[in-house]
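S.K.: For reference, this is upload-v9.tsv, and it has TSV, C-alpha atoms (C1' of nucleotides).
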chain	number	residue	atom	x	y	z
A	1	MET	CA	-11.36	-50.15	40.17
A	2	GLU	CA	-14.90	-51.43	40.47
A	3	ASP	CA	-16.44	-52.90	37.33
A	4	VAL	CA	-19.68	-50.97	37.26
A	5	LEU	CA	-21.43	-53.08	34.65
A	6	ARG	CA	-20.76	-56.16	36.66
A	7	SER	CA	-21.96	-54.54	39.85
A	8	LEU	CA	-25.18	-53.41	38.26
A	9	GLY	CA	-26.11	-56.94	37.31
A	10	TYR	CA	-29.35	-57.37	35.37
A	11	LEU	CA	-29.82	-53.62	35.00
A	12	CYS	CA	-27.02	-53.30	32.46
A	13	LEU	CA	-27.09	-56.79	31.04
A	14	GLY	CA	-27.44	-55.45	27.50
A	15	SER	CA	-24.35	-53.27	27.73
A	16	ARG	CA	-22.46	-56.08	29.33
A	17	LEU	CA	-23.33	-58.62	26.66
A	18	LYS	CA	-22.26	-56.16	24.01
A	19	ARG	CA	-18.99	-55.55	25.79
A	20	ILE	CA	-18.22	-59.24	26.08
A	21	GLY	CA	-19.21	-59.80	22.47
A	22	GLU	CA	-16.91	-57.05	21.28
A	23	GLN	CA	-14.04	-58.47	23.24
A	24	LEU	CA	-14.64	-61.92	21.82
A	25	GLN	CA	-14.73	-60.52	18.30
A	26	ALA	CA	-11.52	-58.61	18.87
A	27	ASP	CA	-9.82	-61.74	20.18
A	28	THR	CA	-11.14	-63.71	17.24
A	29	GLN	CA	-9.86	-61.05	14.88
A	30	ARG	CA	-6.37	-61.59	16.24
A	31	MET	CA	-6.65	-65.31	15.61
A	32	LEU	CA	-7.68	-64.71	12.02
A	33	GLU	CA	-4.73	-62.51	11.21
A	34	GLY	CA	-2.83	-65.36	9.65
A	35	LEU	CA	-5.51	-65.79	7.03
A	36	GLU	CA	-4.71	-64.28	3.65
A	37	VAL	CA	-7.81	-62.19	3.02
A	38	ARG	CA	-8.51	-59.16	5.11
A	39	VAL	CA	-12.03	-59.42	6.43
A	40	GLN	CA	-13.29	-58.20	9.76
A	41	SER	CA	-14.34	-61.04	12.01
A	42	SER	CA	-17.85	-59.63	12.11
A	43	GLN	CA	-18.22	-60.32	8.39
A	44	TYR	CA	-17.72	-64.04	8.74
A	45	PRO	CA	-21.26	-64.78	9.88
A	46	LEU	CA	-22.54	-63.34	6.63
A	47	LEU	CA	-20.15	-65.47	4.61
A	48	ALA	CA	-21.01	-68.49	6.71
A	49	ALA	CA	-24.71	-67.90	6.12
A	50	LEU	CA	-24.21	-67.90	2.36
A	51	ASP	CA	-22.08	-71.00	2.66
A	52	ARG	CA	-24.70	-72.82	4.73
A	53	LEU	CA	-27.85	-71.66	3.01
A	54	GLY	CA	-26.68	-70.90	-0.51
A	55	PRO	CA	-27.48	-67.70	-2.43
A	56	LEU	CA	-30.01	-65.52	-0.66
A	57	PRO	CA	-31.73	-62.22	-1.34
A	58	VAL	CA	-30.73	-59.36	0.93
A	59	GLY	CA	-33.80	-59.49	3.10
A	60	GLU	CA	-33.60	-63.19	3.83
A	61	LEU	CA	-29.91	-62.88	4.53
A	62	ALA	CA	-30.70	-60.19	7.09
A	63	GLN	CA	-33.33	-62.39	8.64
A	64	SER	CA	-31.06	-65.40	8.88
A	65	LEU	CA	-28.44	-63.26	10.63
A	66	GLY	CA	-30.88	-61.50	12.89
A	67	VAL	CA	-29.83	-58.00	11.85
A	68	THR	CA	-31.63	-55.28	9.94
A	69	GLN	CA	-31.63	-55.05	6.20
A	70	PRO	CA	-29.60	-51.82	5.87
A	71	GLY	CA	-26.79	-53.44	7.79
A	72	VAL	CA	-26.71	-56.33	5.39
A	73	THR	CA	-26.91	-54.04	2.38
A	74	ARG	CA	-23.79	-52.26	3.52
A	75	SER	CA	-21.86	-55.38	4.44
A	76	VAL	CA	-22.72	-56.90	1.10
A	77	SER	CA	-21.47	-53.80	-0.71
A	78	LEU	CA	-18.17	-53.98	1.13
A	79	LEU	CA	-17.75	-57.69	0.52
A	80	ALA	CA	-18.67	-57.23	-3.14
A	81	ASP	CA	-16.03	-54.50	-3.45
A	82	ILE	CA	-13.33	-56.92	-2.40
A	83	GLY	CA	-14.75	-59.65	-4.59
A	84	LEU	CA	-15.96	-62.13	-2.01
A	85	VAL	CA	-19.64	-62.00	-2.88
A	86	GLU	CA	-21.63	-61.02	-5.93
A	87	VAL	CA	-25.11	-59.70	-6.32
A	88	ILE	CA	-27.41	-60.56	-9.17
A	89	GLN	CA	-30.89	-59.34	-9.86
A	90	ALA	CA	-33.48	-62.08	-9.56
A	91	ASN	CA	-35.16	-62.97	-12.84
A	92	ASP	CA	-38.62	-63.48	-11.52
A	93	ASP	CA	-38.69	-60.43	-9.26
A	94	GLN	CA	-36.65	-57.44	-10.31
A	95	ARG	CA	-36.75	-56.03	-6.78
A	96	ARG	CA	-34.85	-58.88	-5.26
A	97	ARG	CA	-31.09	-58.92	-5.40
A	98	VAL	CA	-29.63	-62.30	-4.69
A	99	VAL	CA	-26.28	-62.45	-2.92
A	100	SER	CA	-23.93	-65.36	-3.43
A	101	LEU	CA	-20.33	-66.25	-2.71
A	102	THR	CA	-17.91	-65.77	-5.58
A	103	SER	CA	-15.40	-68.51	-6.17
A	104	GLY	CA	-12.92	-66.41	-4.23
A	105	GLY	CA	-15.40	-66.05	-1.42
A	106	GLN	CA	-16.02	-69.76	-1.38
A	107	GLN	CA	-12.29	-70.37	-1.28
A	108	LEU	CA	-11.96	-68.08	1.70
A	109	VAL	CA	-14.79	-69.81	3.50
A	110	ASP	CA	-13.30	-73.21	2.73
A	111	ALA	CA	-9.92	-72.11	4.01
A	112	ALA	CA	-11.48	-70.66	7.14
A	113	LYS	CA	-13.52	-73.80	7.72
A	114	ARG	CA	-10.39	-75.86	7.42
A	115	ASP	CA	-7.82	-73.71	9.21
A	116	ALA	CA	-9.46	-71.13	11.42
A	117	TRP	CA	-12.96	-71.97	12.49
A	118	PRO	CA	-12.17	-75.23	14.24
A	119	ARG	CA	-9.49	-73.51	16.29
A	120	ILE	CA	-11.76	-70.63	17.17
A	121	GLU	CA	-14.53	-72.97	18.13
A	122	ARG	CA	-12.20	-74.98	20.32
A	123	ALA	CA	-10.84	-71.85	21.98
A	124	VAL	CA	-14.29	-70.48	22.75
A	125	ALA	CA	-15.47	-73.87	23.90
A	126	ASP	CA	-12.45	-74.04	26.16
A	127	LEU	CA	-13.39	-70.65	27.55
A	128	CYS	CA	-16.99	-71.64	28.18
A	129	SER	CA	-16.54	-75.25	29.08
A	130	GLY	CA	-17.36	-76.19	32.61
A	131	LEU	CA	-19.54	-73.15	33.06
A	132	SER	CA	-22.78	-73.65	34.83
A	133	GLY	CA	-25.11	-71.82	37.11
A	134	PRO	CA	-26.80	-68.45	36.79
A	135	LEU	CA	-26.17	-66.40	33.70
A	136	LEU	CA	-24.48	-63.51	35.49
A	137	GLU	CA	-21.97	-65.86	37.07
A	138	GLN	CA	-21.19	-67.48	33.77
A	139	LEU	CA	-20.64	-64.07	32.22
A	140	ALA	CA	-18.30	-63.09	35.01
A	141	ALA	CA	-16.40	-66.32	34.50
A	142	ILE	CA	-16.07	-65.57	30.79
A	143	GLU	CA	-14.77	-62.07	31.47
A	144	ASP	CA	-12.31	-63.37	34.01
A	145	GLY	CA	-11.29	-66.16	31.66
A	146	LEU	CA	-10.64	-63.78	28.78
A	147	ALA	CA	-8.63	-61.52	31.02
A	148	ALA	CA	-6.57	-64.45	32.24
A	149	ALA	CA	-5.88	-65.95	28.82
A	150	PRO	CA	-7.10	-64.50	25.52
A	151	LEU	CA	-8.53	-66.84	22.91
A	152	ALA	CA	-5.30	-67.05	20.97
A	153	ARG	CA	-3.58	-68.56	23.98
A	154	ARG	CA	-6.33	-71.12	24.40
A	155	VAL	CA	-5.76	-72.71	21.02
A	156	GLU	CA	-2.52	-74.36	22.07
A	157	LYS	CA	-4.02	-75.22	25.39
A	158	ALA	CA	-6.99	-76.93	23.78
A	159	ALA	CA	-4.79	-78.57	21.15
A	160	ALA	CA	-2.47	-79.91	23.81
A	161	ARG	CA	-5.21	-82.07	25.23
B	1	MET	CA	-35.51	-69.26	8.18
B	2	GLU	CA	-32.54	-70.76	9.99
B	3	ASP	CA	-30.87	-68.58	12.59
B	4	VAL	CA	-27.28	-68.90	11.44
B	5	LEU	CA	-25.67	-67.39	14.52
B	6	ARG	CA	-27.49	-69.84	16.67
B	7	SER	CA	-26.54	-72.76	14.47
B	8	LEU	CA	-22.89	-71.84	14.52
B	9	GLY	CA	-22.73	-72.02	18.27
B	10	TYR	CA	-19.42	-71.14	19.86
B	11	LEU	CA	-17.93	-70.02	16.57
B	12	CYS	CA	-20.02	-66.85	16.46
B	13	LEU	CA	-20.57	-66.36	20.16
B	14	GLY	CA	-19.21	-62.82	20.00
B	15	SER	CA	-21.63	-61.73	17.30
B	16	ARG	CA	-24.44	-63.42	19.10
B	17	LEU	CA	-23.74	-61.74	22.42
B	18	LYS	CA	-23.62	-58.39	20.67
B	19	ARG	CA	-26.90	-59.08	18.95
B	20	ILE	CA	-28.64	-60.03	22.18
B	21	GLY	CA	-27.14	-57.04	23.95
B	22	GLU	CA	-28.39	-54.69	21.27
B	23	GLN	CA	-31.85	-56.11	21.49
B	24	LEU	CA	-31.88	-55.77	25.25
B	25	GLN	CA	-30.74	-52.17	24.98
B	26	ALA	CA	-33.42	-51.41	22.40
B	27	ASP	CA	-36.07	-52.96	24.62
B	28	THR	CA	-34.75	-51.01	27.57
B	29	GLN	CA	-34.84	-47.84	25.52
B	30	ARG	CA	-38.55	-48.34	24.96
B	31	MET	CA	-39.11	-48.70	28.68
B	32	LEU	CA	-37.27	-45.47	29.35
B	33	GLU	CA	-39.36	-43.43	26.95
B	34	GLY	CA	-41.59	-42.15	29.71
B	35	LEU	CA	-38.64	-40.48	31.38
B	36	GLU	CA	-38.35	-36.76	30.78
B	37	VAL	CA	-34.77	-36.47	29.60
B	38	ARG	CA	-33.72	-37.90	26.31
B	39	VAL	CA	-30.70	-40.10	26.86
B	40	GLN	CA	-29.84	-43.26	25.02
B	41	SER	CA	-30.02	-46.30	27.22
B	42	SER	CA	-26.35	-46.95	26.55
B	43	GLN	CA	-25.45	-43.73	28.34
B	44	TYR	CA	-26.96	-44.81	31.63
B	45	PRO	CA	-24.04	-46.96	32.68
B	46	LEU	CA	-21.80	-43.91	32.54
B	47	LEU	CA	-24.21	-41.89	34.64
B	48	ALA	CA	-24.59	-44.80	37.04
B	49	ALA	CA	-20.83	-45.07	37.37
B	50	LEU	CA	-20.55	-41.41	38.37
B	51	ASP	CA	-23.43	-41.88	40.78
B	52	ARG	CA	-21.82	-44.93	42.38
B	53	LEU	CA	-18.22	-43.86	42.41
B	54	GLY	CA	-18.42	-40.09	42.50
B	55	PRO	CA	-16.46	-37.74	40.21
B	56	LEU	CA	-13.85	-39.55	38.16
B	57	PRO	CA	-11.23	-38.59	35.59
B	58	VAL	CA	-11.87	-39.77	32.06
B	59	GLY	CA	-9.45	-42.65	32.18
B	60	GLU	CA	-10.75	-44.15	35.37
B	61	LEU	CA	-14.30	-43.74	34.15
B	62	ALA	CA	-13.36	-45.70	31.04
B	63	GLN	CA	-11.76	-48.37	33.15
B	64	SER	CA	-14.72	-48.72	35.46
B	65	LEU	CA	-16.99	-49.16	32.46
B	66	GLY	CA	-14.70	-51.52	30.60
B	67	VAL	CA	-14.57	-49.43	27.43
B	68	THR	CA	-11.78	-47.46	25.81
B	69	GLN	CA	-10.97	-43.89	26.70
B	70	PRO	CA	-12.00	-42.28	23.38
B	71	GLY	CA	-15.46	-43.73	23.75
B	72	VAL	CA	-15.79	-42.15	27.16
B	73	THR	CA	-14.42	-38.84	25.93
B	74	ARG	CA	-17.14	-38.69	23.32
B	75	SER	CA	-19.95	-39.78	25.59
B	76	VAL	CA	-18.87	-37.23	28.15
B	77	SER	CA	-18.90	-34.49	25.53
B	78	LEU	CA	-22.43	-35.40	24.53
B	79	LEU	CA	-23.66	-35.58	28.09
B	80	ALA	CA	-21.94	-32.30	28.90
B	81	ASP	CA	-23.67	-30.68	25.92
B	82	ILE	CA	-27.06	-31.54	27.36
B	83	GLY	CA	-25.99	-30.50	30.83
B	84	LEU	CA	-26.00	-33.83	32.64
B	85	VAL	CA	-22.31	-33.93	33.47
B	86	GLU	CA	-19.56	-31.37	33.84
B	87	VAL	CA	-15.83	-31.59	33.39
B	88	ILE	CA	-13.29	-29.74	35.46
B	89	GLN	CA	-9.55	-29.76	35.23
B	90	ALA	CA	-7.88	-31.35	38.22
B	91	ASN	CA	-5.85	-28.95	40.33
B	92	ASP	CA	-3.01	-31.27	41.17
B	93	ASP	CA	-2.58	-32.73	37.68
B	94	GLN	CA	-3.39	-30.53	34.72
B	95	ARG	CA	-3.69	-33.53	32.45
B	96	ARG	CA	-6.62	-35.04	34.26
B	97	ARG	CA	-10.14	-33.89	33.58
B	98	VAL	CA	-12.57	-34.94	36.24
B	99	VAL	CA	-16.12	-35.74	35.21
B	100	SER	CA	-19.01	-35.33	37.62
B	101	LEU	CA	-22.79	-35.28	37.54
B	102	THR	CA	-24.39	-31.85	37.45
B	103	SER	CA	-27.38	-31.31	39.69
B	104	GLY	CA	-29.55	-31.99	36.66
B	105	GLY	CA	-27.65	-35.18	36.01
B	106	GLN	CA	-28.05	-36.25	39.60
B	107	GLN	CA	-31.75	-35.52	39.41
B	108	LEU	CA	-32.05	-37.69	36.32
B	109	VAL	CA	-30.19	-40.52	37.98
B	110	ASP	CA	-32.32	-40.21	41.09
B	111	ALA	CA	-35.50	-40.28	39.03
B	112	ALA	CA	-34.25	-43.27	37.07
B	113	LYS	CA	-33.24	-45.07	40.23
B	114	ARG	CA	-36.68	-44.51	41.64
B	115	ASP	CA	-38.91	-45.01	38.62
B	116	ALA	CA	-37.13	-46.90	35.88
B	117	TRP	CA	-34.23	-49.01	37.04
B	118	PRO	CA	-36.16	-51.22	39.44
B	119	ARG	CA	-38.65	-52.03	36.72
B	120	ILE	CA	-35.93	-52.75	34.19
B	121	GLU	CA	-34.09	-54.92	36.64
B	122	ARG	CA	-37.25	-56.86	37.44
B	123	ALA	CA	-38.04	-57.33	33.76
B	124	VAL	CA	-34.58	-58.60	32.93
B	125	ALA	CA	-34.54	-60.79	35.99
B	126	ASP	CA	-37.89	-62.19	34.91
B	127	LEU	CA	-36.40	-62.90	31.50
B	128	CYS	CA	-33.37	-64.66	32.95
B	129	SER	CA	-34.91	-66.26	35.98
B	130	GLY	CA	-35.04	-69.99	36.00
B	131	LEU	CA	-32.28	-70.23	33.43
B	132	SER	CA	-29.68	-72.84	34.01
B	133	GLY	CA	-27.44	-75.14	32.10
B	134	PRO	CA	-24.93	-74.46	29.33
B	135	LEU	CA	-24.41	-70.90	28.20
B	136	LEU	CA	-25.62	-71.46	24.65
B	137	GLU	CA	-28.89	-72.87	25.89
B	138	GLN	CA	-29.42	-69.95	28.24
B	139	LEU	CA	-28.76	-67.54	25.38
B	140	ALA	CA	-31.28	-69.33	23.20
B	141	ALA	CA	-33.80	-69.13	26.01
B	142	ILE	CA	-33.20	-65.40	26.31
B	143	GLU	CA	-33.67	-64.87	22.59
B	144	ASP	CA	-36.83	-66.93	22.60
B	145	GLY	CA	-38.04	-65.12	25.69
B	146	LEU	CA	-37.48	-61.70	24.19
B	147	ALA	CA	-39.25	-62.74	21.01
B	148	ALA	CA	-42.19	-64.06	23.01
B	149	ALA	CA	-42.56	-61.05	25.29
B	150	PRO	CA	-40.40	-57.92	25.13
B	151	LEU	CA	-39.13	-56.40	28.34
B	152	ALA	CA	-41.88	-53.81	28.51
B	153	ARG	CA	-44.46	-56.57	28.69
B	154	ARG	CA	-42.58	-58.27	31.49
B	155	VAL	CA	-42.88	-55.34	33.87
B	156	GLU	CA	-46.57	-55.91	34.50
B	157	LYS	CA	-46.00	-59.62	34.64
B	158	ALA	CA	-43.28	-59.27	37.24
B	159	ALA	CA	-45.29	-56.65	39.15
B	160	ALA	CA	-48.33	-58.91	39.22
B	161	ARG	CA	-46.52	-61.43	41.32
C	1	DC	C1'	-55.70	-51.78	-17.20
C	2	DC	C1'	-54.69	-48.49	-14.02
C	3	DA	C1'	-54.49	-46.43	-9.29
C	4	DT	C1'	-52.98	-47.80	-5.06
C	5	DG	C1'	-51.02	-50.44	-1.50
C	6	DT	C1'	-47.21	-53.65	-0.42
C	7	DT	C1'	-42.63	-55.40	-0.72
C	8	DA	C1'	-37.56	-55.25	-1.49
C	9	DT	C1'	-33.67	-52.59	-1.40
C	10	DA	C1'	-30.82	-48.48	-0.98
C	11	DT	C1'	-29.58	-44.29	1.23
C	12	DA	C1'	-29.10	-40.88	4.86
C	13	DA	C1'	-28.35	-39.66	9.44
C	14	DC	C1'	-27.08	-41.03	13.71
C	15	DA	C1'	-25.05	-43.88	17.77
C	16	DT	C1'	-21.28	-45.77	19.71
C	17	DG	C1'	-17.62	-49.01	19.67
C	18	DT	C1'	-12.72	-49.48	18.07
C	19	DT	C1'	-7.46	-48.35	16.80
C	20	DA	C1'	-3.92	-45.05	15.75
C	21	DC	C1'	-1.92	-40.97	16.71
C	22	DA	C1'	-1.04	-36.01	18.39
C	23	DG	C1'	-0.39	-32.77	22.09
C	24	DT	C1'	0.20	-31.58	26.88
C	25	DT	C1'	1.74	-32.48	31.55
C	26	DT	C1'	4.17	-35.01	34.70
C	27	DT	C1'	7.80	-37.96	36.26
C	28	DA	C1'	12.31	-39.83	36.62
C	29	DG	C1'	17.13	-40.67	35.62
C	30	DG	C1'	21.65	-39.06	34.89
D	1	DC	C1'	18.33	-29.28	36.45
D	2	DC	C1'	17.22	-30.91	32.08
D	3	DT	C1'	16.01	-34.25	28.88
D	4	DA	C1'	13.55	-38.30	27.76
D	5	DA	C1'	9.96	-41.42	28.81
D	6	DA	C1'	5.40	-42.11	30.54
D	7	DA	C1'	0.69	-40.78	31.40
D	8	DC	C1'	-3.69	-38.47	30.29
D	9	DT	C1'	-6.77	-36.78	27.11
D	10	DG	C1'	-8.50	-35.40	22.67
D	11	DT	C1'	-9.10	-36.09	17.66
D	12	DA	C1'	-9.42	-38.56	13.37
D	13	DA	C1'	-10.74	-42.37	10.73
D	14	DC	C1'	-13.11	-46.37	10.53
D	15	DA	C1'	-16.58	-50.36	11.58
D	16	DT	C1'	-21.00	-51.62	12.03
D	17	DG	C1'	-25.28	-51.41	14.35
D	18	DT	C1'	-29.76	-48.75	14.31
D	19	DT	C1'	-34.17	-45.93	12.57
D	20	DA	C1'	-36.40	-43.28	9.08
D	21	DT	C1'	-37.30	-42.57	4.52
D	22	DA	C1'	-37.04	-42.73	-0.68
D	23	DT	C1'	-37.53	-45.45	-4.80
D	24	DA	C1'	-38.57	-49.05	-7.79
D	25	DA	C1'	-41.04	-53.26	-8.78
D	26	DC	C1'	-44.85	-56.11	-7.95
D	27	DA	C1'	-49.79	-57.20	-6.76
D	28	DT	C1'	-54.59	-56.31	-6.65
D	29	DG	C1'	-59.25	-54.53	-6.81
D	30	DG	C1'	-62.39	-51.79	-9.19
Can you turn what I pasted into structure tokens?

M.R.:
Amino acid sequence: MEDVLRSLGYLCLGSRLKRIGEQLQADTQRMLEGLEVRVQSSQYPLLAALDRLGPLPVGELAQSLGVTQPGVTRSVSLLADIGLVEVIQANDDQRRRVVSLTSGGQQLVDAAKRDAWPRIERAVADLCSGLSGPLLEQLAAIEDGLAAAPLARRVEKAAAR
Amino acid sequence: MEDVLRSLGYLCLGSRLKRIGEQLQADTQRMLEGLEVRVQSSQYPLLAALDRLGPLPVGELAQSLGVTQPGVTRSVSLLADIGLVEVIQANDDQRRRVVSLTSGGQQLVDAAKRDAWPRIERAVADLCSGLSGPLLEQLAAIEDGLAAAPLARRVEKAAAR
DNA sequence: CCATGTTATATAACATGTTACAGTTTTAGG
DNA sequence: CCTAAAACTGTAACATGTTATATAACATGG
């Protein structure tokens, strides 16, 4: 069965990037399943941003993640519900609501940094290592690589070296 | 403001690919606004698949697009509602429902093939042309390129050559 | 000092992806 | 043949992105 997105090349590059991204996230999700707390893999960038940059108001958090503010508002609500982040009104400007990691959130990030992120990074690096040439060819190689061996299988492989 | 996804490199490659894909689709959407019929840019791959491969049952359509079957079922319902595709039960196998372009759908595809797709393809090619090297660097170049000049602006540029 | 514009956030409505599961047909094995 | 498994599709529930808009707080110019 012909892969239409691949055949269409540059015309559907956006759809194709989204598709690859979703597959990577799904694979990553599977690798995170060992971790105690139940967070979707797509939430980790937000947690990582707070870990890297410290407490941030909603708008700046959105900017640092490159998504729109309503998306961040919702993610923050969800993460606050499960106690990983907290939101406090800024003193100087009552409009701004500053988001920060709770101690539980920080613990999760620390655990992920120690146990999960290095393995994910190695697996993805393994997938993308040795790629060169035009973008479309690299994307095809990534798709083929994921089909041949999902990320989870690449951890051992990378660790074995 | 630091771009966290970019800083995290391979770790958040999935999120980053999705983000770039969404931006490309949004840019593409803007370029399609001249076209008479109101279809989201993300629906064009489905129409293009039917145009390339002819009528297909839902499952094969999903496979050729690399998405799951429920996603295709919904898209097909929407496109059928606005009269661009039609669904007929297969004679030989009552389970299969074969999707095909209506004459209106074919007209839209033909118009897009003539007026829009070549321009989109040129704009994206312009964006990605001259890229080489590691994937992460190419992605950064794409993001920078889109920020500097959205796709719509690249049509004239590419046409001027 | 107040009317008005700007900024920061939340909310609503939608788009479109996913997984899990239900309901038909079809197929195949004894 | 008939039953049980497999295949195909639809539906439900959710995740998470978007745009558009409302609301509250701040800033500013007369």

S.K.: Define the interface residues of chain D facing chain A as those within 10 Å, counting all atoms listed in the file, and report them as a PyMOL selection string.

M.R.: chain D and resi 15-18+24-26

S.K.: Kindly provide, as a VMD selection string, the residues of chain C having any atom no farther than 12 Å from an atom of chain A, counting all atoms listed in the file.

M.R.: chain C and resid 7 to 12 16 to 19

S.K.: Identify, on the basis of all atoms listed in the file, every residue whose closest approach to Asp27 in chain B does not exceed 9 Å; exclude the query and any residue fewer than 6 positions from it along the same chain; express the result as an MDAnalysis selection string.

M.R.: chainID B and resid 146 150:152

S.K.: Please compute the CA of Val124 in chain A-CA of Arg52 in chain A distance, one decimal, in Å.

M.R.: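 Distance between the two atoms: 20.9 Å.
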
S.K.: Residues of chain A were defined as contacting chain B if any atom lay at most 8 Å from it, counting only C-alpha atoms; please report them as a VMD selection string.

M.R.: chain A and resid 1 to 5 10 to 25 42 45 48 to 49 60 63 to 67 117 120 to 121 124 to 125 128 131 to 135 138

S.K.: At most 12 Å from (-19.9, -30.8, 31.4), file frame, only C-alpha atoms (C1' of nucleotides): which residues, as a list in words?

M.R.: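 Residues satisfying the cut-off, written out: Pro55, Thr73, Arg74, Ser75, Val76, Ser77, Leu78, Leu79, Ala80, Asp81, Ile82, Gly83, Leu84, Val85, Glu86, Val87, Ile88, Gln89, Arg97, Val98, Val99, Ser100, Leu101, Thr102, Ser103, Gly104 and Gly105 of chain B.
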
S.K.: By how many Å are CA of Ala148 in chain B and CA of Ala62 in chain A apart?

M.R.: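 So the two atoms, CA of Ala148 in chain B and CA of Ala62 in chain A, lie 20.0 Å apart.
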
S.K.: Take CA of Leu108 in chain B and CA of Arg153 in chain B and report the distance between them in Å, one decimal.

M.R.: 23.8 Å

S.K.: Go ahead and fit an axis-aligned box to every listed atom of range 43-57 of chain A plus 3 Å each side, and pass me the centre and edge lengths in Å, one decimal, as AutoDock Vina command-line options.

M.R.:
--center_x -24.7 --center_y -66.6 --center_z 3.7 --size_x 20.0 --size_y 18.5 --size_z 18.3

S.K.: For a cut-off of 9 Å around (3.1, -42.8, 33.1), file coordinates, pick out all residues using all atoms listed in the file and list them as a VMD selection string.

M.R.: (chain C and resid 26 to 27) or (chain D and resid 5 to 8)

S.K.: Could you list, as a VMD selection string, every residue within 10 Å of Leu35 in chain B, counting all atoms listed in the file and ignoring same-chain residues fewer than 4 positions away?

M.R.: chain B and resid 31 39 108 111 to 112 115 to 116

S.K.: Which neighbours of DG29 in chain C fall inside 12 Å, counting all atoms listed in the file, when residues of the same chain fewer than 6 positions from it are skipped, and could you give them as a compact mmCIF listing (two decimals) with C-alpha atoms (C1' of nucleotides), in the coordinates of the input?

M.R.:
# COMPACT_ATOMS: atom_id res chain seq x y z
C1' DC D 1 18.33 -29.28 36.45
C1' DC D 2 17.22 -30.91 32.08
C1' DT D 3 16.01 -34.25 28.88
C1' DA D 4 13.55 -38.30 27.76
C1' DA D 5 9.96 -41.42 28.81
